[in-house]
file protein_20.tsv (TSV, C-alpha atoms and all ligand atoms)
chain	number	residue	atom	x	y	z
A	1	MET	CA	-27.84	-6.33	0.86
A	2	ASP	CA	-30.41	-3.56	1.06
A	3	PRO	CA	-33.03	-4.42	-1.62
A	4	VAL	CA	-33.36	-0.76	-2.67
A	5	ASN	CA	-29.67	-0.86	-3.62
A	6	LEU	CA	-29.95	-3.97	-5.78
A	7	PRO	CA	-29.14	-3.37	-9.43
A	8	ARG	CA	-31.98	-3.42	-11.91
A	9	VAL	CA	-31.71	-6.43	-14.24
A	10	LEU	CA	-33.13	-6.17	-17.76
A	11	ALA	CA	-34.05	-9.35	-19.64
A	12	THR	CA	-33.50	-9.61	-23.40
A	13	HIS	CA	-35.05	-12.93	-24.39
A	14	THR	CA	-37.84	-11.55	-26.60
A	15	PRO	CA	-37.43	-9.00	-29.40
A	16	ALA	CA	-39.48	-6.45	-27.41
A	17	LEU	CA	-37.44	-6.94	-24.22
A	18	PHE	CA	-34.21	-6.81	-26.23
A	19	ARG	CA	-35.21	-3.53	-27.84
A	20	ALA	CA	-36.41	-2.04	-24.54
A	21	ALA	CA	-33.09	-3.01	-22.90
A	22	VAL	CA	-31.12	-1.39	-25.75
A	23	VAL	CA	-33.09	1.85	-25.36
A	24	GLU	CA	-32.83	1.92	-21.56
A	25	ALA	CA	-29.11	1.03	-21.47
A	26	ALA	CA	-28.33	3.63	-24.17
A	27	SER	CA	-30.24	6.29	-22.24
A	28	GLN	CA	-28.23	5.52	-19.07
A	29	LEU	CA	-24.95	5.56	-21.01
A	30	ARG	CA	-25.83	8.87	-22.68
A	31	ALA	CA	-26.50	10.29	-19.22
A	32	GLY	CA	-22.96	9.32	-18.18
A	33	GLU	CA	-23.94	6.23	-16.17
A	34	ILE	CA	-22.35	2.77	-16.16
A	35	VAL	CA	-24.22	-0.36	-17.31
A	36	ALA	CA	-23.17	-4.01	-17.10
A	37	VAL	CA	-23.62	-5.57	-20.53
A	38	PRO	CA	-23.25	-8.99	-22.16
A	39	THR	CA	-20.52	-9.64	-24.72
A	40	GLU	CA	-19.60	-12.95	-26.35
A	41	THR	CA	-16.45	-13.21	-24.18
A	42	VAL	CA	-17.43	-12.09	-20.68
A	43	TYR	CA	-19.83	-9.48	-19.26
A	44	GLY	CA	-18.44	-5.94	-19.45
A	45	LEU	CA	-19.00	-2.83	-17.36
A	46	ALA	CA	-19.66	-0.14	-19.96
A	47	ALA	CA	-19.49	3.65	-20.06
A	48	ASP	CA	-19.29	6.30	-22.80
A	49	ALA	CA	-15.61	6.01	-23.80
A	50	ARG	CA	-15.44	9.72	-24.64
A	51	ASN	CA	-16.65	10.80	-21.20
A	52	PRO	CA	-13.93	10.67	-18.50
A	53	VAL	CA	-16.45	11.27	-15.70
A	54	ALA	CA	-18.42	8.21	-16.84
A	55	VAL	CA	-15.24	6.10	-17.26
A	56	ALA	CA	-14.15	7.11	-13.74
A	57	LYS	CA	-17.34	5.41	-12.46
A	58	ILE	CA	-16.11	2.11	-13.98
A	59	TYR	CA	-12.84	2.33	-12.05
A	60	ALA	CA	-14.71	3.24	-8.86
A	61	ALA	CA	-17.26	0.41	-9.18
A	62	LYS	CA	-14.56	-2.20	-9.86
A	63	GLY	CA	-11.96	-0.84	-7.45
A	64	ARG	CA	-9.68	-1.04	-10.48
A	65	PRO	CA	-6.21	0.54	-10.32
A	66	VAL	CA	-6.06	3.48	-12.75
A	67	HIS	CA	-2.83	2.20	-14.32
A	68	ASN	CA	-4.75	-0.61	-16.05
A	69	PRO	CA	-6.20	0.60	-19.38
A	70	VAL	CA	-9.76	-0.21	-20.50
A	71	ILE	CA	-10.82	-1.71	-23.84
A	72	VAL	CA	-13.00	0.43	-26.14
A	73	HIS	CA	-15.84	-1.36	-27.96
A	74	VAL	CA	-17.15	-0.37	-31.39
A	75	ALA	CA	-19.76	-1.72	-33.78
A	76	ASP	CA	-18.32	-0.83	-37.17
A	77	GLY	CA	-15.05	-0.07	-38.91
A	78	ASP	CA	-15.62	3.70	-39.04
A	79	LEU	CA	-16.07	3.92	-35.28
A	80	ALA	CA	-12.95	1.76	-34.79
A	81	ARG	CA	-10.90	4.08	-36.99
A	82	ALA	CA	-12.30	7.12	-35.13
A	83	CYS	CA	-10.81	5.77	-31.88
A	84	VAL	CA	-7.26	5.49	-33.22
A	85	ALA	CA	-4.64	7.85	-34.64
A	86	SER	CA	-3.54	5.39	-37.32
A	87	TRP	CA	-5.01	2.30	-38.92
A	88	PRO	CA	-2.16	0.15	-40.25
A	89	VAL	CA	-2.62	-2.62	-42.80
A	90	THR	CA	-2.17	-5.16	-39.98
A	91	ALA	CA	-5.29	-3.74	-38.29
A	92	GLU	CA	-7.24	-3.88	-41.54
A	93	ARG	CA	-6.26	-7.52	-42.10
A	94	LEU	CA	-7.08	-8.63	-38.57
A	95	ALA	CA	-10.35	-6.70	-38.50
A	96	ARG	CA	-11.43	-8.30	-41.77
A	97	ALA	CA	-10.53	-11.76	-40.50
A	98	PHE	CA	-11.77	-11.69	-36.91
A	99	TRP	CA	-14.22	-8.81	-36.35
A	100	PRO	CA	-16.77	-8.85	-35.03
A	101	GLY	CA	-15.25	-11.21	-32.48
A	102	PRO	CA	-13.05	-11.85	-29.44
A	103	LEU	CA	-9.99	-9.89	-30.61
A	104	THR	CA	-8.70	-6.57	-29.22
A	105	LEU	CA	-6.28	-4.48	-31.29
A	106	VAL	CA	-3.91	-2.12	-29.49
A	107	LEU	CA	-3.21	0.95	-31.65
A	108	PRO	CA	-2.10	4.59	-31.19
A	109	LYS	CA	-5.02	6.39	-29.57
A	110	ALA	CA	-7.07	9.18	-31.13
A	111	ALA	CA	-6.85	12.58	-29.41
A	112	ASP	CA	-10.45	12.46	-28.11
A	113	ILE	CA	-10.01	9.14	-26.25
A	114	PRO	CA	-9.56	10.27	-22.62
A	115	GLU	CA	-6.36	9.45	-20.75
A	116	LEU	CA	-8.37	7.57	-18.15
A	117	VAL	CA	-9.36	4.99	-20.79
A	118	THR	CA	-5.74	4.39	-21.81
A	119	ALA	CA	-4.28	4.72	-18.29
A	120	GLY	CA	-2.38	7.76	-19.49
A	121	GLY	CA	-0.67	5.81	-22.27
A	122	PRO	CA	-0.44	6.62	-25.98
A	123	THR	CA	-2.34	3.49	-27.14
A	124	VAL	CA	-5.92	2.27	-27.01
A	125	GLY	CA	-7.34	-1.28	-27.16
A	126	VAL	CA	-10.24	-1.51	-29.63
A	127	ARG	CA	-12.67	-4.39	-30.10
A	128	TRP	CA	-15.78	-4.95	-32.23
A	129	PRO	CA	-17.71	-7.58	-30.25
A	130	ARG	CA	-19.84	-10.23	-31.94
A	131	HIS	CA	-22.62	-10.16	-29.35
A	132	PRO	CA	-25.89	-8.86	-30.91
A	133	PHE	CA	-26.81	-6.87	-27.80
A	134	MET	CA	-23.48	-5.02	-27.73
A	135	GLN	CA	-23.75	-4.31	-31.43
A	136	ALA	CA	-27.29	-2.95	-31.09
A	137	LEU	CA	-26.32	-0.91	-28.03
A	138	ILE	CA	-23.25	0.72	-29.58
A	139	THR	CA	-25.21	1.50	-32.75
A	140	GLU	CA	-27.99	3.06	-30.67
A	141	CYS	CA	-25.49	5.13	-28.67
A	142	GLY	CA	-23.43	6.19	-31.69
A	143	PHE	CA	-20.32	6.42	-29.48
A	144	PRO	CA	-17.73	3.82	-28.45
A	145	LEU	CA	-18.13	2.02	-25.11
A	146	ALA	CA	-15.25	1.62	-22.70
A	147	ALA	CA	-15.74	-1.68	-20.90
A	148	PRO	CA	-13.51	-3.87	-18.78
A	149	SER	CA	-14.84	-7.17	-17.46
A	150	ALA	CA	-17.74	-6.53	-15.05
A	151	ASN	CA	-16.13	-7.93	-11.91
A	152	ALA	CA	-14.60	-6.30	-8.85
A	153	ALA	CA	-10.82	-6.00	-9.27
A	154	ASN	CA	-9.08	-9.24	-8.25
A	155	GLN	CA	-12.10	-11.43	-8.93
A	156	LEU	CA	-13.06	-13.88	-11.63
A	157	SER	CA	-14.57	-12.47	-14.86
A	158	PRO	CA	-18.37	-12.86	-15.05
A	159	THR	CA	-20.02	-14.98	-17.73
A	160	THR	CA	-23.61	-14.52	-16.50
A	161	ALA	CA	-25.64	-11.57	-15.17
A	162	GLY	CA	-25.79	-13.40	-11.82
A	163	HIS	CA	-21.98	-13.40	-11.60
A	164	VAL	CA	-21.98	-9.62	-12.19
A	165	GLN	CA	-24.56	-9.11	-9.47
A	166	ARG	CA	-22.61	-11.24	-7.00
A	167	SER	CA	-19.32	-9.45	-7.72
A	168	LEU	CA	-20.40	-5.82	-8.10
A	169	GLY	CA	-23.78	-5.82	-6.33
A	170	ALA	CA	-25.01	-2.34	-5.53
A	171	SER	CA	-22.09	-0.58	-7.22
A	172	VAL	CA	-23.68	-1.17	-10.63
A	173	PRO	CA	-27.17	0.33	-11.11
A	174	LEU	CA	-28.18	-1.63	-14.21
A	175	ILE	CA	-27.35	-5.10	-15.58
A	176	VAL	CA	-28.47	-6.36	-18.99
A	177	ASP	CA	-29.03	-10.13	-18.88
A	178	ALA	CA	-28.51	-12.04	-22.14
A	179	GLY	CA	-27.72	-15.42	-20.60
A	180	PRO	CA	-24.33	-17.14	-20.49
A	181	CYS	CA	-21.47	-15.86	-22.70
A	182	ALA	CA	-20.75	-17.99	-25.77
A	183	VAL	CA	-16.93	-17.73	-25.68
A	184	GLY	CA	-16.52	-17.52	-21.92
A	185	LEU	CA	-12.90	-16.24	-21.86
A	186	GLU	CA	-11.60	-12.69	-22.30
A	187	SER	CA	-10.57	-11.53	-25.80
A	188	THR	CA	-7.14	-12.02	-27.35
A	189	VAL	CA	-5.21	-8.72	-27.06
A	190	VAL	CA	-2.68	-7.96	-29.83
A	191	ASP	CA	-0.32	-4.99	-29.81
A	192	LEU	CA	-0.07	-3.58	-33.35
A	193	THR	CA	2.20	-0.69	-32.33
A	194	VAL	CA	5.26	-2.96	-32.33
A	195	GLU	CA	6.95	-4.82	-35.15
A	196	PRO	CA	6.19	-7.69	-35.41
A	197	PRO	CA	2.77	-7.50	-33.70
A	198	ARG	CA	2.76	-9.06	-30.25
A	199	ILE	CA	0.16	-11.01	-28.29
A	200	LEU	CA	-0.37	-9.32	-24.91
A	201	ARG	CA	-3.11	-11.67	-23.73
A	202	PRO	CA	-3.90	-15.01	-25.39
A	203	GLY	CA	-7.55	-15.71	-26.13
A	204	MET	CA	-9.71	-17.96	-28.26
A	205	VAL	CA	-8.48	-16.21	-31.42
A	206	THR	CA	-5.28	-18.25	-31.33
A	207	ALA	CA	-1.68	-17.33	-32.14
A	208	ALA	CA	-1.85	-19.72	-35.10
A	209	ALA	CA	-4.93	-17.95	-36.49
A	210	LEU	CA	-3.30	-14.53	-36.06
A	211	HIS	CA	-0.07	-15.77	-37.59
A	212	ALA	CA	-1.93	-17.07	-40.63
A	213	VAL	CA	-3.29	-13.59	-41.28
A	214	LEU	CA	-0.28	-11.47	-40.27
A	215	GLY	CA	2.64	-13.59	-41.41
A	216	ALA	CA	4.82	-12.34	-38.55
A	217	LEU	CA	3.81	-12.40	-34.91
A	218	SER	CA	5.66	-12.30	-31.62
A	219	THR	CA	4.47	-14.86	-29.14
A	220	ASP	CA	6.91	-13.78	-26.40
A	221	HIS	CA	4.06	-13.77	-23.98
A	222	LEU	CA	3.15	-17.37	-24.78
A	223	ALA	CA	6.76	-18.52	-24.71
A	224	GLU	CA	7.16	-17.01	-21.26
A	225	ALA	CA	3.92	-18.54	-20.12
A	226	ALA	CA	4.97	-21.99	-21.30
A	227	GLY	CA	8.26	-21.79	-19.41
A	228	PRO	CA	8.98	-23.25	-15.99
A	229	ARG	CA	6.13	-22.63	-13.60
A	230	ARG	CA	6.90	-20.12	-10.90
A	231	SER	CA	5.72	-20.79	-7.39
A	232	PRO	CA	2.05	-19.89	-6.84
A	233	GLY	CA	3.01	-17.01	-4.54
A	234	GLN	CA	4.98	-15.33	-7.33
A	235	LEU	CA	2.27	-15.57	-9.95
A	236	PRO	CA	0.38	-12.38	-10.68
A	237	ARG	CA	-3.06	-12.79	-9.12
A	238	HIS	CA	-5.34	-12.96	-12.10
A	239	TYR	CA	-8.71	-14.49	-12.86
A	240	ALA	CA	-8.86	-16.45	-9.60
A	241	PRO	CA	-11.70	-17.71	-7.50
A	242	ARG	CA	-11.59	-17.29	-3.70
A	243	ALA	CA	-10.71	-20.93	-3.13
A	244	ARG	CA	-7.13	-22.03	-3.74
A	245	LEU	CA	-6.94	-23.08	-7.37
A	246	LEU	CA	-4.50	-25.83	-8.23
A	247	VAL	CA	-3.73	-27.30	-11.64
A	248	HIS	CA	-2.47	-30.86	-11.81
A	249	ARG	CA	-2.46	-33.99	-13.93
A	250	TRP	CA	-3.21	-37.29	-12.22
A	251	THR	CA	-3.61	-40.92	-13.19
A	252	ASP	CA	-6.42	-41.97	-10.86
A	253	SER	CA	-8.23	-41.00	-7.63
A	254	ALA	CA	-5.55	-42.43	-5.34
A	255	ASP	CA	-2.80	-40.56	-7.19
A	256	LEU	CA	-4.73	-37.29	-6.96
A	257	LEU	CA	-5.52	-37.81	-3.28
A	258	ALA	CA	-1.86	-38.49	-2.41
A	259	TRP	CA	-0.82	-35.33	-4.26
A	260	LEU	CA	-3.40	-33.27	-2.37
A	261	ASN	CA	-2.58	-34.77	1.00
A	262	ALA	CA	1.05	-33.80	0.46
A	263	ARG	CA	-0.28	-30.23	0.26
A	264	ARG	CA	-2.34	-30.63	3.46
A	265	LEU	CA	-5.58	-30.61	1.50
A	266	THR	CA	-8.32	-33.14	2.02
A	267	ALA	CA	-10.80	-34.55	-0.47
A	268	ALA	CA	-13.75	-33.45	1.66
A	269	THR	CA	-12.93	-29.76	1.16
A	270	THR	CA	-11.66	-30.02	-2.43
A	271	HIS	CA	-13.63	-29.78	-5.64
A	272	VAL	CA	-12.23	-31.47	-8.77
A	273	LEU	CA	-12.69	-30.18	-12.33
A	274	ALA	CA	-11.69	-32.94	-14.73
A	275	HIS	CA	-11.94	-33.24	-18.50
A	276	THR	CA	-10.42	-36.70	-19.05
A	277	HIS	CA	-9.44	-38.43	-15.77
A	278	LEU	CA	-12.67	-38.25	-13.79
A	279	PRO	CA	-11.97	-39.45	-10.22
A	280	SER	CA	-14.56	-41.66	-8.52
A	281	PRO	CA	-16.92	-39.23	-6.76
A	282	GLU	CA	-16.77	-40.64	-3.18
A	283	GLY	CA	-15.16	-38.44	-0.57
A	284	TRP	CA	-14.73	-35.27	-2.61
A	285	ALA	CA	-16.57	-32.02	-1.90
A	286	GLY	CA	-17.53	-32.32	-5.56
A	287	VAL	CA	-16.40	-33.54	-8.94
A	288	SER	CA	-17.29	-31.83	-12.23
A	289	LEU	CA	-16.71	-33.08	-15.72
A	290	VAL	CA	-15.88	-30.22	-18.08
A	291	PRO	CA	-15.84	-30.76	-21.86
A	292	CYS	CA	-12.64	-32.04	-23.47
A	293	ASP	CA	-12.77	-29.56	-26.33
A	294	PRO	CA	-11.07	-26.16	-25.95
A	295	GLU	CA	-14.02	-24.03	-27.07
A	296	ALA	CA	-16.52	-25.87	-24.92
A	297	PHE	CA	-14.02	-25.96	-22.03
A	298	ALA	CA	-13.54	-22.18	-22.26
A	299	ARG	CA	-17.30	-21.65	-22.26
A	300	ALA	CA	-17.69	-23.81	-19.14
A	301	LEU	CA	-14.61	-22.87	-17.09
A	302	TYR	CA	-15.52	-19.57	-15.40
A	303	ALA	CA	-19.14	-20.63	-14.94
A	304	GLU	CA	-17.96	-23.77	-13.15
A	305	LEU	CA	-15.41	-21.88	-11.03
A	306	HIS	CA	-18.07	-19.34	-10.01
A	307	ARG	CA	-20.53	-22.13	-9.18
A	308	VAL	CA	-18.05	-24.09	-7.10
A	309	ASP	CA	-16.58	-21.04	-5.39
A	310	VAL	CA	-19.87	-20.02	-3.79
A	311	LEU	CA	-20.11	-23.50	-2.27
A	312	GLY	CA	-17.18	-22.45	-0.07
A	313	VAL	CA	-14.60	-25.19	-0.72
A	314	ASP	CA	-10.97	-24.74	0.37
A	315	ALA	CA	-9.49	-25.79	-2.94
A	316	ILE	CA	-10.42	-26.38	-6.55
A	317	VAL	CA	-8.18	-28.75	-8.50
A	318	VAL	CA	-8.37	-28.40	-12.26
A	319	GLU	CA	-6.94	-31.16	-14.43
A	320	GLY	CA	-4.06	-29.76	-16.50
A	321	VAL	CA	-5.04	-29.08	-20.13
A	322	PRO	CA	-3.17	-30.21	-23.27
A	323	GLU	CA	-0.10	-28.18	-24.27
A	324	GLU	CA	-1.58	-27.35	-27.67
A	325	ALA	CA	-2.16	-23.98	-29.35
A	326	GLU	CA	-5.98	-24.21	-29.13
A	327	TRP	CA	-5.66	-24.55	-25.34
A	328	ALA	CA	-3.14	-21.71	-24.86
A	329	ALA	CA	-5.64	-19.13	-23.58
A	330	ILE	CA	-7.16	-21.61	-21.13
A	331	ALA	CA	-3.71	-22.69	-19.94
A	332	ASP	CA	-2.80	-19.00	-19.50
A	333	ARG	CA	-5.83	-18.29	-17.28
A	334	LEU	CA	-5.29	-21.46	-15.27
A	335	ARG	CA	-1.56	-20.76	-14.89
A	336	ARG	CA	-2.24	-17.36	-13.41
A	337	ALA	CA	-4.68	-19.18	-11.16
A	338	ALA	CA	-5.62	-15.90	-9.66
A	339	ILE	CA	-7.75	-12.89	-10.22
A	340	GLU	CA	-6.87	-10.21	-12.71
A	341	VAL	CA	-5.95	-6.90	-11.18
A	342	GLY	CA	-8.69	-5.14	-13.07
B	401	LIG	O1	-13.16	-9.90	-23.78
B	401	LIG	C1	-12.77	-8.86	-23.29
B	401	LIG	O2	-11.73	-8.29	-23.64
B	401	LIG	C2	-13.62	-8.25	-22.17
B	401	LIG	C3	-14.97	-7.81	-22.76
B	401	LIG	C4	-15.79	-7.03	-21.77
B	401	LIG	O3	-14.74	-7.09	-23.93
B	401	LIG	N1	-12.95	-7.17	-21.57
B	401	LIG	C5	-11.88	-7.34	-20.75
B	401	LIG	O4	-11.41	-6.15	-20.25
B	401	LIG	O5	-11.40	-8.42	-20.47
B	401	LIG	P1	-10.37	-6.07	-19.06
B	401	LIG	O6	-10.26	-4.63	-18.74
B	401	LIG	O7	-10.80	-6.95	-17.95
B	401	LIG	O8	-9.05	-6.55	-19.71
B	401	LIG	C6	-8.47	-5.75	-20.72
B	401	LIG	C7	-7.05	-6.16	-20.92
B	401	LIG	C8	-6.21	-5.80	-19.72
B	401	LIG	O9	-5.25	-6.81	-19.54
B	401	LIG	C9	-5.58	-4.49	-20.16
B	401	LIG	O10	-4.35	-4.27	-19.52
B	401	LIG	C10	-5.42	-4.71	-21.65
B	401	LIG	O11	-6.55	-5.45	-22.04
B	401	LIG	N2	-5.41	-3.44	-22.38
B	401	LIG	C11	-6.42	-2.59	-22.58
B	401	LIG	N3	-6.01	-1.49	-23.25
B	401	LIG	C12	-4.70	-1.67	-23.49
B	401	LIG	C13	-3.69	-0.88	-24.12
B	401	LIG	N4	-3.95	0.31	-24.64
B	401	LIG	N5	-2.44	-1.38	-24.16
B	401	LIG	C14	-2.17	-2.58	-23.64
B	401	LIG	N6	-3.06	-3.36	-23.01
B	401	LIG	C15	-4.32	-2.92	-22.94
B	402	MG	MG	-10.79	-8.17	-16.33
call {"tool": "encode", "arguments": {"input": "protein_20.tsv", "output": "structure tokens"}}
result
Amino acid sequence: MDPVNLPRVLATHTPALFRAAVVEAASQLRAGEIVAVPTETVYGLAADARNPVAVAKIYAAKGRPVHNPVIVHVADGDLARACVASWPVTAERLARAFWPGPLTLVLPKAADIPELVTAGGPTVGVRWPRHPFMQALITECGFPLAAPSANAANQLSPTTAGHVQRSLGASVPLIVDAGPCAVGLESTVVDLTVEPPRILRPGMVTAAALHAVLGALSTDHLAEAAGPRRSPGQLPRHYAPRARLLVHRWTDSADLLAWLNARRLTAATTHVLAHTHLPSPEGWAGVSLVPCDPEAFARALYAELHRVDVLGVDAIVVEGVPEEAEWAAIADRLRRAAIEVG
């Protein structure tokens, strides 16, 4: 890559650097530019949500299809309510319980949210992120920030500034680096325009937690996801690394090897991500132990997939996770075993 086209990367690890990065990022955003920013879930590619010309730059940089709407980020309740045409009691309850945090509420859009943000639809996804940089940035800007995950369409979401740089490279002029994301998986998306509210994308704010606050909740999405697994070719390509990603449960190394060999894969070109049944390391391209706790697993998963993917293995085998509510978002991302179109 031509060094003059490399993005500028701003560090934030001292109060002075943090403040300087807020000021510089806000100035770029005010000028209608895009900036890659940290959130607690994954890194986002931000633009002024009220400015369709700026939002168009997000789509161009990602190669994102324009039929996929973008989430709008806010830093207080007033700004959230300014983005929507109505604020039902369900929104108030969820906002009080989970904001700031990894939860996106889909609501009827306000008139001044451009069609490009909502992909021409009548609703907008709104989220108040917990990350201190995003909060400081939105407050400094005074306007909401449209931001999808900061990866090229059909690639894995980024959880470090380095991932953003590798995926988007020269198409993003500025990246704010705040280290690895604490949650590590994209936000839960809940549609509040239907009755009962419906989970569109599971996340680390679980169905059980939402249900406890709302009383009624449709988990159609989760029920469908838990059904019989379709063949890999039929799965929507979402969240995937370049290597073939397989999910399997095994008893020991020999069992895993036999299963892989039946798929014409060899240990030497396969990396294993295990959380309970760690195979003996000999013969594999690599073996990683990921934490056996859903929150820690979520934090580690994309980082590990990014790390392994650049090593150039043919396949990554991830040990199947427990079929429990706390693991639903992780199981969802693994099941798709592919990159999100967006
Ligand atoms: O955690 C996150 O949500 C991250 C960070 C950056 O906030 N963002 C993120 O954005 O994952 P993105 O664009 O990669 O995924 C947004 C998801 C997509 O599946 C999109 O279709 C859905 O949210 N979405 C956004 N607005 C919507 C709307 N109005 N109606 C239905 N779905 C919507
Ligand atoms: Mg995405």
call {"tool": "atom_distance", "arguments": {"input": "protein_20.tsv", "atom1": "CA of Trp284 in chain A", "atom2": "CA of Gly320 in chain A"}}
result
18.4 Å
call {"tool": "residues_around", "arguments": {"input": "protein_20.tsv", "residues": "range 265-279 of chain A", "least_positions_apart": "3", "cutoff": "7 Å", "atoms": "only C-alpha atoms", "output": "PDB file with C-alpha atoms, in the frame of the given file"}}
result
ATOM      1  CA  THR A 251      -3.610 -40.920 -13.190  1.00  0.00           C
ATOM      2  CA  ASP A 252      -6.420 -41.970 -10.860  1.00  0.00           C
ATOM      3  CA  SER A 253      -8.230 -41.000  -7.630  1.00  0.00           C
ATOM      4  CA  LEU A 257      -5.520 -37.810  -3.280  1.00  0.00           C
ATOM      5  CA  LEU A 260      -3.400 -33.270  -2.370  1.00  0.00           C
ATOM      6  CA  ASN A 261      -2.580 -34.770   1.000  1.00  0.00           C
ATOM      7  CA  GLY A 283     -15.160 -38.440  -0.570  1.00  0.00           C
ATOM      8  CA  TRP A 284     -14.730 -35.270  -2.610  1.00  0.00           C
ATOM      9  CA  ALA A 285     -16.570 -32.020  -1.900  1.00  0.00           C
ATOM     10  CA  GLY A 286     -17.530 -32.320  -5.560  1.00  0.00           C
ATOM     11  CA  VAL A 287     -16.400 -33.540  -8.940  1.00  0.00           C
ATOM     12  CA  SER A 288     -17.290 -31.830 -12.230  1.00  0.00           C
ATOM     13  CA  LEU A 289     -16.710 -33.080 -15.720  1.00  0.00           C
ATOM     14  CA  VAL A 290     -15.880 -30.220 -18.080  1.00  0.00           C
ATOM     15  CA  PRO A 291     -15.840 -30.760 -21.860  1.00  0.00           C
ATOM     16  CA  CYS A 292     -12.640 -32.040 -23.470  1.00  0.00           C
ATOM     17  CA  VAL A 313     -14.600 -25.190  -0.720  1.00  0.00           C
ATOM     18  CA  ASP A 314     -10.970 -24.740   0.370  1.00  0.00           C
ATOM     19  CA  ALA A 315      -9.490 -25.790  -2.940  1.00  0.00           C
ATOM     20  CA  ILE A 316     -10.420 -26.380  -6.550  1.00  0.00           C
ATOM     21  CA  VAL A 317      -8.180 -28.750  -8.500  1.00  0.00           C
ATOM     22  CA  VAL A 318      -8.370 -28.400 -12.260  1.00  0.00           C
ATOM     23  CA  GLU A 319      -6.940 -31.160 -14.430  1.00  0.00           C
TER      24      GLU A 319
END
call {"tool": "atom_distance", "arguments": {"input": "protein_20.tsv", "atom1": "CA of Arg242 in chain A", "atom2": "CA of Gln155 in chain A"}}
result
7.9 Å
call {"tool": "residues_near_point", "arguments": {"input": "protein_20.tsv", "point": "(0.0, -17.3, -37.0)", "cutoff": "12 Å", "atoms": "only C-alpha atoms", "output": "number ranges by chain"}}
result
A: 94, 196-199, 205-219, 325
call {"tool": "closest_residue", "arguments": {"input": "protein_20.tsv", "among": "A:Thr39, A:Arg127, A:Trp259, A:Arg50", "to": "Thr104 in chain A", "atoms": "all atoms listed in the file"}}
result
A:Arg127
call {"tool": "residues_around", "arguments": {"input": "protein_20.tsv", "residues": "Trp99 in chain A", "least_positions_apart": "5", "cutoff": "12 Å", "atoms": "all atoms listed in the file", "output": "list of chain:residue names"}}
result
A:His73, A:Val74, A:Ala75, A:Asp76, A:Gly77, A:Ala80, A:Ala91, A:Glu92, A:Arg93, A:Leu94, A:Thr104, A:Leu105, A:Val126, A:Arg127, A:Trp128, A:Pro129, A:Arg130, A:His131, A:Gln135, A:Ser187, A:Thr188, A:Val205
call {"tool": "residues_around", "arguments": {"input": "protein_20.tsv", "residues": "Lys57 in chain A", "least_positions_apart": "6", "cutoff": "9 Å", "atoms": "only C-alpha atoms", "output": "NGL selection string"}}
result
:A and (32-34 or 47)
call {"tool": "closest_atom_pairs", "arguments": {"input": "protein_20.tsv", "of": "range 195-310 of chain A", "to": "range 162-173 of chain A", "cutoff": "10 Å", "atoms": "all atoms listed in the file", "output": "CSV"}}
result
residue,atom,partner,partner_atom,distance
A:Tyr302,CA,A:His163,CA,9.7
A:Ala303,CA,A:His163,CA,8.5
A:His306,CA,A:His163,CA,7.3
A:Arg307,CA,A:His163,CA,9.2
A:Val310,CA,A:Arg166,CA,9.7
call {"tool": "closest_residue", "arguments": {"input": "protein_20.tsv", "among": "A:Glu186, A:Glu115, A:Glu326, A:Asp309", "to": "ligand MG 402 (chain B)", "atoms": "only C-alpha atoms and all ligand atoms"}}
result
A:Glu186
call {"tool": "closest_residue", "arguments": {"input": "protein_20.tsv", "among": "A:Ala26, A:Val117, A:Ile71, A:Leu256", "to": "ligand MG 402 (chain B)", "atoms": "only C-alpha atoms and all ligand atoms"}}
result
A:Ile71
call {"tool": "closest_residue", "arguments": {"input": "protein_20.tsv", "among": "A:Glu295, A:Glu140, A:Glu304, A:Glu323", "to": "Ala21 in chain A", "atoms": "all atoms listed in the file"}}
result
A:Glu140
call {"tool": "atom_distance", "arguments": {"input": "protein_20.tsv", "atom1": "CA of Asn5 in chain A", "atom2": "CA of Ala60 in chain A"}}
result
16.4 Å
call {"tool": "closest_residue", "arguments": {"input": "protein_20.tsv", "among": "A:Leu17, A:Ala243, A:Ala110, A:Leu156", "to": "ligand MG 402 (chain B)", "atoms": "all atoms listed in the file"}}
result
A:Leu156
call {"tool": "closest_residue", "arguments": {"input": "protein_20.tsv", "among": "A:Ala178, A:Ser280, A:Ala258, A:Leu301", "to": "Thr14 in chain A", "atoms": "all atoms listed in the file"}}
result
A:Ala178
call {"tool": "residues_around", "arguments": {"input": "protein_20.tsv", "residues": "Ala111 in chain A", "least_positions_apart": "3", "cutoff": "9 Å", "atoms": "all atoms listed in the file", "output": "PyMOL selection string"}}
result
chain A and resi 83-85+114
call {"tool": "write_last_selection", "arguments": {"input": "protein_20.tsv", "atoms": "C-alpha atoms", "output": "PDB file, in the coordinates of the input"}}
result
ATOM      1  CA  CYS A  83     -10.810   5.770 -31.880  1.00  0.00           C
ATOM      2  CA  VAL A  84      -7.260   5.490 -33.220  1.00  0.00           C
ATOM      3  CA  ALA A  85      -4.640   7.850 -34.640  1.00  0.00           C
ATOM      4  CA  PRO A 114      -9.560  10.270 -22.620  1.00  0.00           C
TER       5      PRO A 114
END
call {"tool": "decode", "arguments": {"input": "protein_20.tsv", "residues": "range 116-127 of chain A", "atoms": "C-alpha atoms", "output": "mmCIF file, in the first residue's frame"}}
result
data_model
loop_
_atom_site.group_PDB
_atom_site.id
_atom_site.type_symbol
_atom_site.label_atom_id
_atom_site.label_comp_id
_atom_site.auth_asym_id
_atom_site.auth_seq_id
_atom_site.Cartn_x
_atom_site.Cartn_y
_atom_site.Cartn_z
ATOM 1 C CA LEU A 116 -29.702 6.539 2.988
ATOM 2 C CA VAL A 117 -29.318 5.818 6.725
ATOM 3 C CA THR A 118 -32.504 3.746 6.833
ATOM 4 C CA ALA A 119 -32.062 2.159 3.383
ATOM 5 C CA GLY A 120 -35.220 3.936 2.285
ATOM 6 C CA GLY A 121 -37.277 2.337 5.054
ATOM 7 C CA PRO A 122 -39.567 3.992 7.613
ATOM 8 C CA THR A 123 -37.535 2.865 10.673
ATOM 9 C CA VAL A 124 -34.185 3.748 12.203
ATOM 10 C CA GLY A 125 -31.905 1.733 14.508
ATOM 11 C CA VAL A 126 -30.712 3.839 17.468
ATOM 12 C CA ARG A 127 -28.009 2.981 19.982
#
